[in-house]
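**Student:** Enclosed is the structure file run-v1.csv (CSV, C-alpha atoms).
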chain,number,residue,atom,x,y,z
A,20,MET,CA,48.8,170.1,81.3
A,21,SER,CA,50.4,166.9,82.3
A,22,ALA,CA,48.3,163.8,81.8
A,23,ALA,CA,49.0,162.8,85.4
A,24,GLN,CA,47.4,165.9,86.8
A,25,PRO,CA,43.7,165.9,87.8
A,26,ILE,CA,41.6,168.3,85.7
A,27,ASN,CA,38.5,170.3,86.6
A,28,PRO,CA,35.9,169.9,83.8
A,29,LYS,CA,33.3,172.2,85.4
A,30,GLY,CA,32.0,174.7,82.8
A,31,LYS,CA,34.3,173.3,80.0
A,32,SER,CA,33.7,171.5,76.8
A,33,VAL,CA,35.2,168.1,76.1
A,34,GLY,CA,37.4,169.6,73.4
A,35,GLU,CA,39.1,171.9,75.9
A,36,LEU,CA,40.3,168.9,78.0
A,37,ASN,CA,42.4,165.8,77.8
A,38,VAL,CA,39.7,163.3,77.1
A,39,GLN,CA,41.7,160.3,78.3
A,40,GLN,CA,42.5,162.0,81.6
A,41,LEU,CA,38.9,163.2,81.9
A,42,LEU,CA,37.7,159.6,81.8
A,43,GLN,CA,40.4,158.6,84.3
A,44,ASN,CA,39.2,161.3,86.6
A,45,TYR,CA,35.8,159.6,86.8
A,46,ARG,CA,37.0,156.1,86.7
A,47,GLY,CA,36.1,155.5,90.4
A,48,GLN,CA,32.5,156.7,89.9
A,49,ILE,CA,32.2,154.6,86.7
A,50,GLU,CA,33.6,151.5,88.4
A,51,ALA,CA,31.2,152.0,91.4
A,52,ALA,CA,28.2,152.2,89.0
A,53,LEU,CA,29.1,149.2,86.8
A,54,PRO,CA,27.5,145.8,87.3
A,55,LYS,CA,29.9,142.9,88.2
A,56,HIS,CA,30.1,141.5,84.6
A,57,LEU,CA,31.6,144.7,83.2
A,58,THR,CA,35.1,146.1,83.9
A,59,PRO,CA,35.9,149.8,84.1
A,60,ASP,CA,38.7,149.3,81.5
A,61,ARG,CA,36.1,148.0,79.0
A,62,MET,CA,33.7,150.8,79.7
A,63,LEU,CA,36.4,153.5,79.4
A,64,ARG,CA,37.5,151.9,76.1
A,65,PHE,CA,34.0,151.9,74.6
A,66,SER,CA,33.4,155.5,75.9
A,67,MET,CA,36.6,156.7,74.3
A,68,THR,CA,35.7,155.2,71.0
A,69,ALA,CA,32.2,156.7,71.1
A,70,ILE,CA,33.7,160.2,71.9
A,71,ARG,CA,36.2,160.0,69.0
A,72,SER,CA,33.6,158.8,66.5
A,73,ASN,CA,31.4,161.8,67.0
A,74,PRO,CA,33.1,165.2,66.4
A,75,LEU,CA,30.1,167.1,68.0
A,76,LEU,CA,30.9,165.5,71.4
A,77,ALA,CA,34.1,167.6,71.5
A,78,LYS,CA,31.7,170.6,71.8
A,79,ALA,CA,29.7,169.0,74.6
A,80,ASP,CA,29.7,170.0,78.2
A,81,ALA,CA,32.2,167.7,79.9
A,82,ILE,CA,30.2,167.1,83.0
A,83,SER,CA,27.1,166.3,81.0
A,84,LEU,CA,29.2,163.8,79.0
A,85,MET,CA,30.6,162.1,82.2
A,86,GLY,CA,27.1,162.0,83.7
A,87,ALA,CA,25.7,160.2,80.6
A,88,ILE,CA,28.6,157.7,80.7
A,89,ILE,CA,28.0,157.0,84.4
A,90,ARG,CA,24.3,156.6,83.8
A,91,ALA,CA,24.9,154.1,81.0
A,92,SER,CA,27.3,152.3,83.4
A,93,GLN,CA,24.6,152.0,86.1
A,94,ASP,CA,22.4,150.2,83.6
A,95,GLY,CA,25.2,148.1,82.3
A,96,LEU,CA,25.1,149.3,78.7
A,97,GLU,CA,28.2,150.1,76.6
A,98,PRO,CA,28.3,153.3,74.6
A,99,GLY,CA,28.5,152.8,70.9
A,100,ARG,CA,27.4,149.2,71.2
A,101,ASP,CA,24.0,149.0,73.0
A,102,ALA,CA,23.7,152.6,74.0
A,103,HIS,CA,24.5,156.0,72.4
A,104,LEU,CA,25.9,159.3,73.6
A,105,VAL,CA,24.1,161.9,71.6
A,106,PRO,CA,24.9,165.6,71.8
A,107,PHE,CA,21.9,168.0,71.6
A,108,LYS,CA,22.6,171.7,70.9
A,109,ASN,CA,21.0,174.3,73.2
A,110,GLY,CA,19.4,171.7,75.4
A,111,ARG,CA,17.2,172.6,78.4
A,112,LEU,CA,20.2,173.4,80.6
A,113,SER,CA,22.6,174.7,78.0
A,114,LYS,CA,20.2,177.6,77.2
A,115,GLN,CA,20.9,178.9,80.7
A,116,ARG,CA,24.7,178.7,80.1
A,117,LYS,CA,26.2,179.0,76.6
A,118,LYS,CA,24.4,178.9,73.3
A,119,ASP,CA,27.1,176.9,71.7
A,120,VAL,CA,27.2,174.2,74.4
A,121,TYR,CA,25.9,170.7,73.7
A,122,ASP,CA,24.3,168.6,76.4
A,123,VAL,CA,24.9,164.9,76.1
A,124,VAL,CA,21.9,162.5,76.3
A,125,TYR,CA,22.2,158.9,77.0
A,126,ILE,CA,20.0,156.9,74.7
A,127,PRO,CA,19.7,153.1,75.1
A,128,ASP,CA,19.6,151.1,71.8
A,129,TYR,CA,16.8,148.6,71.3
A,130,ARG,CA,19.5,145.9,71.5
A,131,GLY,CA,20.5,147.2,74.9
A,132,LEU,CA,16.9,147.0,76.1
A,133,ILE,CA,16.7,143.4,74.9
A,134,LYS,CA,20.0,142.6,76.6
A,135,LEU,CA,18.7,144.0,79.9
A,136,ALA,CA,15.4,142.1,79.6
A,137,ARG,CA,17.3,138.8,78.9
A,138,ASN,CA,19.7,139.4,81.8
A,139,SER,CA,16.8,138.7,84.2
A,140,GLY,CA,17.1,135.0,83.3
A,141,ILE,CA,13.3,134.8,82.8
A,142,ILE,CA,13.2,135.8,79.2
A,143,GLY,CA,15.0,133.5,76.7
A,144,THR,CA,14.1,134.7,73.2
A,145,PHE,CA,13.6,138.4,72.5
A,146,TYR,CA,13.9,140.2,69.1
A,147,ALA,CA,12.3,142.9,67.0
A,148,ASN,CA,12.0,143.4,63.3
A,149,PRO,CA,10.5,145.6,60.6
A,150,VAL,CA,8.0,144.2,58.1
A,151,PHE,CA,8.2,145.4,54.5
A,152,ALA,CA,5.5,145.5,51.8
A,153,GLY,CA,5.3,142.1,50.1
A,154,ASP,CA,6.5,140.1,53.2
A,155,PHE,CA,4.3,137.3,54.4
A,156,PHE,CA,3.0,138.7,57.7
A,157,GLU,CA,0.0,137.7,59.8
A,158,PHE,CA,-0.8,138.0,63.5
A,159,GLU,CA,-3.8,137.5,65.7
A,160,TYR,CA,-4.5,138.3,69.4
A,161,GLY,CA,-7.0,136.5,71.5
A,162,THR,CA,-7.6,132.8,71.7
A,163,GLU,CA,-5.9,132.1,68.4
A,164,TYR,CA,-2.8,134.0,69.5
A,165,HIS,CA,0.0,133.7,66.9
A,166,LEU,CA,2.5,135.7,64.9
A,167,ARG,CA,4.0,134.7,61.5
A,168,HIS,CA,6.6,136.6,59.4
A,169,ARG,CA,8.4,135.4,56.3
A,170,PRO,CA,10.6,138.2,54.8
A,171,LEU,CA,10.8,138.4,51.1
A,172,ASN,CA,13.3,141.3,50.8
A,173,ASN,CA,11.9,142.8,47.7
A,174,SER,CA,10.7,146.1,49.0
A,175,THR,CA,11.9,149.1,51.0
A,176,ASP,CA,8.4,150.2,52.1
A,177,ILE,CA,7.9,149.5,55.8
A,178,THR,CA,4.4,148.5,56.9
A,179,HIS,CA,4.8,147.3,60.5
A,180,PHE,CA,7.3,146.8,63.3
A,181,TYR,CA,7.0,144.0,65.9
A,182,ALA,CA,8.7,142.7,69.0
A,183,PHE,CA,8.5,139.1,70.3
A,184,ALA,CA,9.6,137.5,73.6
A,185,ARG,CA,9.4,134.0,75.0
A,186,SER,CA,10.3,132.7,78.5
A,187,THR,CA,13.3,130.6,79.0
A,188,ASP,CA,11.2,127.6,79.9
A,189,GLY,CA,8.9,128.1,76.9
A,190,SER,CA,5.8,128.4,79.2
A,191,TRP,CA,4.7,131.7,77.7
A,192,GLU,CA,5.3,134.1,74.9
A,193,GLN,CA,4.3,137.7,74.1
A,194,PHE,CA,4.4,139.9,71.1
A,195,GLN,CA,3.5,143.5,70.2
A,196,VAL,CA,2.8,144.6,66.6
A,197,MET,CA,2.7,148.3,65.6
A,198,THR,CA,1.9,149.7,62.2
A,199,LYS,CA,4.2,152.2,60.7
A,200,ALA,CA,1.6,154.9,61.3
A,201,ASP,CA,1.6,153.9,65.1
A,202,VAL,CA,5.4,154.3,65.2
A,203,ASP,CA,5.3,157.6,63.3
A,204,LYS,CA,2.9,158.9,66.0
A,205,VAL,CA,5.5,158.1,68.6
A,206,LYS,CA,8.2,159.8,66.5
A,207,ALA,CA,6.0,163.0,66.1
A,208,ARG,CA,5.9,163.3,69.9
A,209,SER,CA,9.8,163.2,70.2
A,210,ARG,CA,11.8,166.3,70.4
A,211,ALA,CA,14.2,164.7,67.9
A,212,LYS,CA,11.6,163.9,65.3
A,213,ASP,CA,13.5,166.1,62.7
A,214,ASP,CA,17.0,165.5,63.9
A,215,GLY,CA,19.1,162.7,65.5
A,216,PRO,CA,18.4,159.0,65.5
A,217,TRP,CA,14.8,159.2,64.2
A,218,VAL,CA,16.3,160.7,61.0
A,219,THR,CA,19.5,158.8,60.7
A,220,ASP,CA,18.4,155.4,62.2
A,221,TYR,CA,14.7,155.1,61.6
A,222,ILE,CA,14.5,151.3,61.5
A,223,PRO,CA,16.4,150.8,64.8
A,224,MET,CA,14.1,153.5,66.4
A,225,GLY,CA,11.1,151.7,65.1
A,226,ASN,CA,12.3,148.4,66.5
A,227,LYS,CA,12.9,150.1,69.8
A,228,THR,CA,9.4,151.6,69.9
A,229,ALA,CA,8.0,148.1,69.5
A,230,VAL,CA,10.4,146.7,72.1
A,231,LYS,CA,9.4,149.4,74.6
A,232,ARG,CA,5.7,148.7,74.0
A,233,LEU,CA,6.3,145.0,74.7
A,234,CYS,CA,8.4,145.6,77.8
A,235,LYS,CA,5.4,147.1,79.5
A,236,PHE,CA,4.0,143.5,79.8
A,237,LEU,CA,7.2,141.7,80.7
A,238,PRO,CA,9.1,141.2,83.9
A,239,GLN,CA,11.5,144.1,84.5
A,240,SER,CA,14.7,144.3,86.4
A,241,ALA,CA,15.8,147.6,88.0
A,242,GLU,CA,18.3,148.2,85.2
A,243,LEU,CA,15.6,147.7,82.5
A,244,ARG,CA,13.2,150.1,84.3
A,245,SER,CA,16.1,152.6,84.6
A,246,ALA,CA,17.0,152.3,80.9
A,247,LEU,CA,13.4,152.7,79.8
A,248,HIS,CA,13.1,155.8,82.0
A,249,ALA,CA,16.2,157.2,80.5
A,250,ASP,CA,14.9,156.6,77.0
A,251,ASP,CA,11.6,158.3,77.8
A,252,GLU,CA,13.5,161.3,79.2
A,253,SER,CA,15.7,161.5,76.0
A,254,GLU,CA,12.5,161.7,73.9
A,255,THR,CA,10.9,164.5,75.9
A,256,GLY,CA,14.1,166.5,76.5
A,257,GLY,CA,13.9,166.0,80.3
A,258,GLN,CA,17.2,164.2,80.8
A,259,ASP,CA,19.8,166.1,82.8
A,260,ASN,CA,23.0,164.1,83.2
A,261,ARG,CA,24.9,166.9,84.9
A,262,GLU,CA,22.8,166.1,88.0
A,263,VAL,CA,24.6,162.7,88.2
A,264,ILE,CA,27.9,164.6,88.9
A,265,GLU,CA,26.7,167.8,90.6
A,266,GLY,CA,25.2,166.6,93.8
A,267,VAL,CA,21.9,165.1,92.7
A,268,PRO,CA,22.8,161.5,91.8
A,269,PHE,CA,20.5,159.4,89.6
A,270,GLU,CA,18.5,157.1,91.8
A,271,HIS,CA,18.2,153.4,90.8
A,272,VAL,CA,14.7,151.9,91.1
A,273,ASP,CA,14.8,149.5,94.1
A,274,ASP,CA,15.7,146.0,93.1
A,275,GLU,CA,13.3,144.3,95.5
A,276,GLU,CA,10.3,146.6,95.8
A,277,PRO,CA,8.3,147.7,92.7
A,278,PRO,CA,7.9,151.4,92.2
A,279,GLU,CA,4.9,153.0,93.9
A,280,ASN,CA,1.7,153.3,91.8
A,281,LYS,CA,1.5,157.1,92.3
A,282,GLY,CA,2.6,157.8,88.8
A,283,ALA,CA,0.2,155.3,87.3
A,284,VAL,CA,-2.7,156.7,89.4
A,285,ALA,CA,-1.9,160.2,88.3
A,286,THR,CA,-1.7,159.1,84.7
A,287,VAL,CA,-5.2,157.5,84.8
A,288,LYS,CA,-6.6,160.5,86.6
A,289,GLU,CA,-5.1,162.8,84.0
A,290,LYS,CA,-7.0,160.8,81.3
A,291,LEU,CA,-10.1,161.6,83.2
A,292,LYS,CA,-9.3,165.3,83.9
A,293,GLY,CA,-12.5,167.2,84.7
A,294,ARG,CA,-14.6,164.0,85.1
A,295,GLN,CA,-13.7,162.9,88.6
A,296,LYS,CA,-16.4,162.7,91.1
A,297,PRO,CA,-16.2,164.9,94.2
A,298,ASP,CA,-14.7,163.3,97.3
A,299,VAL,CA,-17.3,161.4,99.4
A,300,PRO,CA,-17.1,162.4,103.1
A,301,ARG,CA,-16.1,159.5,105.4
A,302,GLU,CA,-18.7,158.3,107.8
A,303,THR,CA,-17.8,157.3,111.3
A,304,PRO,CA,-17.8,153.5,111.4
A,305,GLU,CA,-20.5,152.0,113.6
A,306,SER,CA,-19.9,149.4,116.2
A,307,GLY,CA,-18.7,146.1,114.6
A,308,SER,CA,-17.5,147.6,111.4
A,309,ALA,CA,-14.1,148.9,112.5
A,310,GLY,CA,-11.2,148.0,110.3
A,311,GLU,CA,-13.3,147.4,107.1
A,312,PRO,CA,-12.2,149.2,104.0
A,313,GLU,CA,-14.3,152.1,102.9
A,314,LEU,CA,-16.2,151.6,99.6
A,315,THR,CA,-16.6,154.0,96.7
A,316,PRO,CA,-20.1,154.6,95.4
A,317,GLU,CA,-19.3,152.2,92.5
A,318,ALA,CA,-18.0,149.5,94.8
A,319,ALA,CA,-21.0,149.9,97.1
A,320,GLN,CA,-23.4,149.2,94.2
A,321,ASP,CA,-21.6,146.0,93.3
A,322,ALA,CA,-21.1,144.8,96.9
A,323,PRO,CA,-23.6,142.6,98.7
A,324,GLU,CA,-26.1,144.3,100.9
A,325,THR,CA,-24.5,142.6,103.9
A,326,ALA,CA,-21.1,144.2,103.3
A,327,GLY,CA,-19.9,146.1,106.3
A,328,ALA,CA,-22.4,144.4,108.6
A,329,PRO,CA,-21.8,141.5,111.0
A,330,GLU,CA,-22.3,138.2,109.2
A,331,GLU,CA,-25.4,136.2,109.9
A,332,PRO,CA,-24.8,132.5,110.6
A,333,SER,CA,-26.8,131.5,107.6
A,334,GLN,CA,-24.6,133.6,105.3
A,335,GLN,CA,-21.3,132.5,106.6
A,336,GLY,CA,-20.8,129.7,104.0
A,337,GLU,CA,-21.6,132.1,101.1
A,338,GLN,CA,-19.2,134.7,102.3
A,339,GLU,CA,-16.4,132.2,102.7
A,340,ASN,CA,-17.0,130.8,99.2
A,341,ALA,CA,-17.4,134.1,97.5
A,342,PRO,CA,-14.6,135.2,95.0
A,343,GLN,CA,-12.1,137.6,96.4
A,344,GLY,CA,-13.1,141.2,95.7
A,345,GLU,CA,-16.9,140.5,95.6
A,346,THR,CA,-17.7,140.4,99.3
A,347,GLY,CA,-17.0,144.1,99.8
A,348,GLY,CA,-14.4,143.2,102.5
A,349,ALA,CA,-12.0,140.7,101.0
A,350,ASP,CA,-10.0,143.2,99.0
A,351,GLU,CA,-8.6,146.4,100.3
A,352,ALA,CA,-9.6,149.5,98.5
A,353,ASP,CA,-7.4,150.2,95.4
A,354,PRO,CA,-5.2,153.3,95.5
A,355,ALA,CA,-7.2,154.9,92.7
A,356,VAL,CA,-10.7,154.4,94.1
A,357,SER,CA,-11.5,158.1,93.6
A,358,VAL,CA,-11.2,157.8,89.9
A,359,ASP,CA,-14.6,157.9,88.1
A,360,LEU,CA,-14.5,154.5,86.4
A,361,ASP,CA,-17.7,155.0,84.5
A,362,ALA,CA,-16.2,158.0,82.7
A,363,LEU,CA,-13.1,155.9,81.9
A,364,LEU,CA,-15.2,153.0,80.6
A,365,ASP,CA,-17.3,155.3,78.4
A,366,ARG,CA,-14.1,156.8,77.0
A,367,LEU,CA,-12.5,153.4,76.3
A,368,ARG,CA,-15.5,152.1,74.4
A,369,ASP,CA,-15.2,155.1,72.0
A,370,GLU,CA,-11.3,155.0,71.8
A,371,GLU,CA,-10.0,154.6,68.3
A,372,ASP,CA,-6.2,154.9,68.9
A,373,PRO,CA,-4.6,151.5,69.5
A,374,ASP,CA,-1.5,153.3,71.0
A,375,GLU,CA,-3.8,155.0,73.6
A,376,MET,CA,-5.5,151.7,74.4
A,377,ASP,CA,-2.2,150.0,75.1
A,378,GLN,CA,-1.1,152.9,77.3
A,379,ILE,CA,-4.4,152.9,79.3
A,380,GLU,CA,-4.2,149.2,79.7
A,381,ALA,CA,-0.6,149.4,81.1
A,382,ASP,CA,-1.7,152.3,83.4
A,383,ALA,CA,-4.7,150.3,84.6
A,384,ARG,CA,-2.6,147.1,85.3
A,385,ASP,CA,-0.2,149.3,87.4
A,386,THR,CA,-2.9,151.1,89.2
A,387,PHE,CA,-5.6,148.5,89.8
A,388,THR,CA,-3.7,145.5,90.9
A,389,LYS,CA,-6.8,143.4,91.6
A,390,GLY,CA,-10.5,143.6,92.0
A,391,TRP,CA,-13.5,144.4,89.9
A,392,GLU,CA,-12.1,147.8,88.7
A,393,LEU,CA,-9.3,146.2,86.6
A,394,SER,CA,-11.7,143.5,85.2
A,395,ARG,CA,-14.1,146.2,84.0
A,396,ILE,CA,-11.4,148.3,82.4
A,397,LEU,CA,-9.8,145.3,80.6
A,398,ASP,CA,-13.2,144.2,79.3
A,399,ALA,CA,-13.8,147.7,78.0
A,400,ILE,CA,-10.4,147.8,76.3
A,401,ALA,CA,-11.2,144.4,74.7
A,402,ASP,CA,-14.6,145.7,73.4
A,403,ALA,CA,-12.8,148.8,72.0
A,404,ARG,CA,-10.2,146.7,70.2
A,405,SER,CA,-12.8,144.4,68.8
A,406,GLY,CA,-14.8,147.3,67.5
A,407,LEU,CA,-11.8,148.9,65.9
A,408,SER,CA,-10.8,145.6,64.3
A,409,LYS,CA,-14.3,145.2,62.8
A,410,GLU,CA,-14.2,148.7,61.5
A,411,GLN,CA,-10.8,148.2,59.8
A,412,ASP,CA,-12.0,145.0,58.2
A,413,SER,CA,-15.1,146.7,56.8
A,414,THR,CA,-13.0,149.4,55.2
A,415,ALA,CA,-10.3,147.1,53.9
What does this structure look like when you write it as C-alpha cells?

**Tutor:**
Amino acid sequence: MSAAQPINPKGKSVGELNVQQLLQNYRGQIEAALPKHLTPDRMLRFSMTAIRSNPLLAKADAISLMGAIIRASQDGLEPGRDAHLVPFKNGRLSKQRKKDVYDVVYIPDYRGLIKLARNSGIIGTFYANPVFAGDFFEFEYGTEYHLRHRPLNNSTDITHFYAFARSTDGSWEQFQVMTKADVDKVKARSRAKDDGPWVTDYIPMGNKTAVKRLCKFLPQSAELRSALHADDESETGGQDNREVIEGVPFEHVDDEEPPENKGAVATVKEKLKGRQKPDVPRETPESGSAGEPELTPEAAQDAPETAGAPEEPSQQGEQENAPQGETGGADEADPAVSVDLDALLDRLRDEEDPDEMDQIEADARDTFTKGWELSRILDAIADARSGLSKEQDSTA
C-alpha cells in the first residue's frame, strides 16, 4: 500500500496498517479538536512516539486508538506527556468483536489535570505529592487552616497523598489530604486495580487521586471537566473511544453554562435509596398566592407562618430585612426538594468514611446551590468529621 493512499482502518488493528498514514488520515479531525495553542504536527508527533513506545498498541483496534487521540486533543493533552494511551485487552466492546483485540483508553495524567486547571488563569500554584514515613507532615482544617510538609527522604513507606492549589492573586488556597488507605479504597474500585497504571505507576496515580479530589472544589474549565470525566470512565471501564469516530462524537461540556444538576440530584437520591418520602400532592393555589414556590414539608416547618399569605403592613419591614431563603418566598425551590433531608442528615452524622463525606459534600454543593438545605447538610458533615477526628485521636 502506498503511503499516499488513504486507508480504511475499520475492523483492523494498528499493526495491520501504516501508522503514519493512519494518523495523517485523521489529521483534519485532530486539528479541528485541538485548542489554539497546540499544533497538529506536535500532536501527531507525540502520538506517534506513544504508539511506538508501547508494543501492545499495535494489537489495538485502530479506530479506538484514533478516537482516544482525538479525545485527548479536545482536552489539549499530549499523549506520553500529560496523558496516556493505554490498551486494555477484551474491553467492553472488544468482547463483542474479537477476543484478541485491545481497546485504547485515554487516561489523563495528574500533571495534565493540573495543567488544565492552571490554564483557566484563576489558579497559579497547583501541585501534588506523596508523604513518606518519617517526613515532617502536619495539616489542619477549620479556622487554623494550614498544611506543612518537609520531606526527609529516608523511607519508602507512603503514609499520605495531598494536593494543594492557590489562586493567582493569592486571595485563597485549598488543599486536600488523603491517607494511603483512602487512596487504596479508590484503587480497589478501579477495573485496573491489578493491572495497568495502578500497578506500574502507583505514586502518580495516588497524586492524581488527590488532585481529582481537590478539583471538586476548584473552578473548572470545560476541558478540565472533560478530562475528569474521561478519567472516571477509564476507572470504571465505560470509556468507548470508537464512538468519537463512528457517528457518536464526544460532546464537550458547554464553556459558558455549567452542567445541569440532574446527575448530582440523582447521586444524592441514590444515597437515600428507599428513604425518600412519597410525593406530596400539589394544592391549587388560593387567590393572592399565585407564582410563589411550593414548599416541601421540611421547608414549611422552617418557614414563617405568614409564608404564602399576603403580607400585613406591620410585617413588611421584617420580611424585607429577613435573610434570603428564610421567608419561604425569597428562594425558589431547589431541584432536589423531594429528597428526604432528615434521612440524609441522620446518615451523615453516623458516617465514618472520609471519602464518602467528601463525595456527599460535593454532591450537596452541586445540588443545593443555596438555602437552608445546603447549610444543614454542611453542618452535619462538619459534625461527622469532628466526631471522626476525636475518635481517631482517642485511639492514637

**Student:** Using only C-alpha atoms, which of the listed residues (A:Ala79, A:Ile70, A:Leu135, A:Ala52) sits closest to Pro28 of chain A?

**Tutor:**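 For Pro28 of chain A, the nearest of the given residues is A:Ala79.
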
**Student:** Can you tell me how far atom CA of Asp251 of chain A sits from atom CA of Val33 of chain A, in Å to one decimal?

**Tutor:**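 Taking atom CA of Asp251 of chain A and atom CA of Val33 of chain A, their separation equals 25.6 Å.
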
**Student:** So which residues touch Arg61 of chain A within 12 Å, counting all atoms listed in the file, skipping near sequence neighbours fewer than 3 positions away, as a list in words?

**Tutor:**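 So, after excluding close chain neighbours, the residues are Arg46, Ile49, Glu50, Leu53, His56, Leu57, Thr58, Arg64, Phe65, Ser66, Met67, Thr68, Ser92, Gly95, Leu96, Glu97, Pro98 and Arg100 of chain A.
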
**Student:** For Asp250 of chain A, which residue out of A:His103, A:Gly86, A:Trp191, A:Tyr125 is the nearest one, using all atoms listed in the file?

**Tutor:**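 Closest to Asp250 of chain A, using all atoms listed in the file: A:Tyr125.
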
**Student:** For segment 224-226 of chain A, find every residue with an atom within 9 Å (counting all atoms listed in the file), except residues of its own chain fewer than 6 positions away, and show them as a list in words.

**Tutor:**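 The contact residues come out as Asp128, Tyr129, Tyr146, Ala147, Asn148, Pro149, His179, Phe180, Tyr181, Ala182, Lys199, Val202, Asp203, Lys206, Pro216 and Trp217 of chain A.
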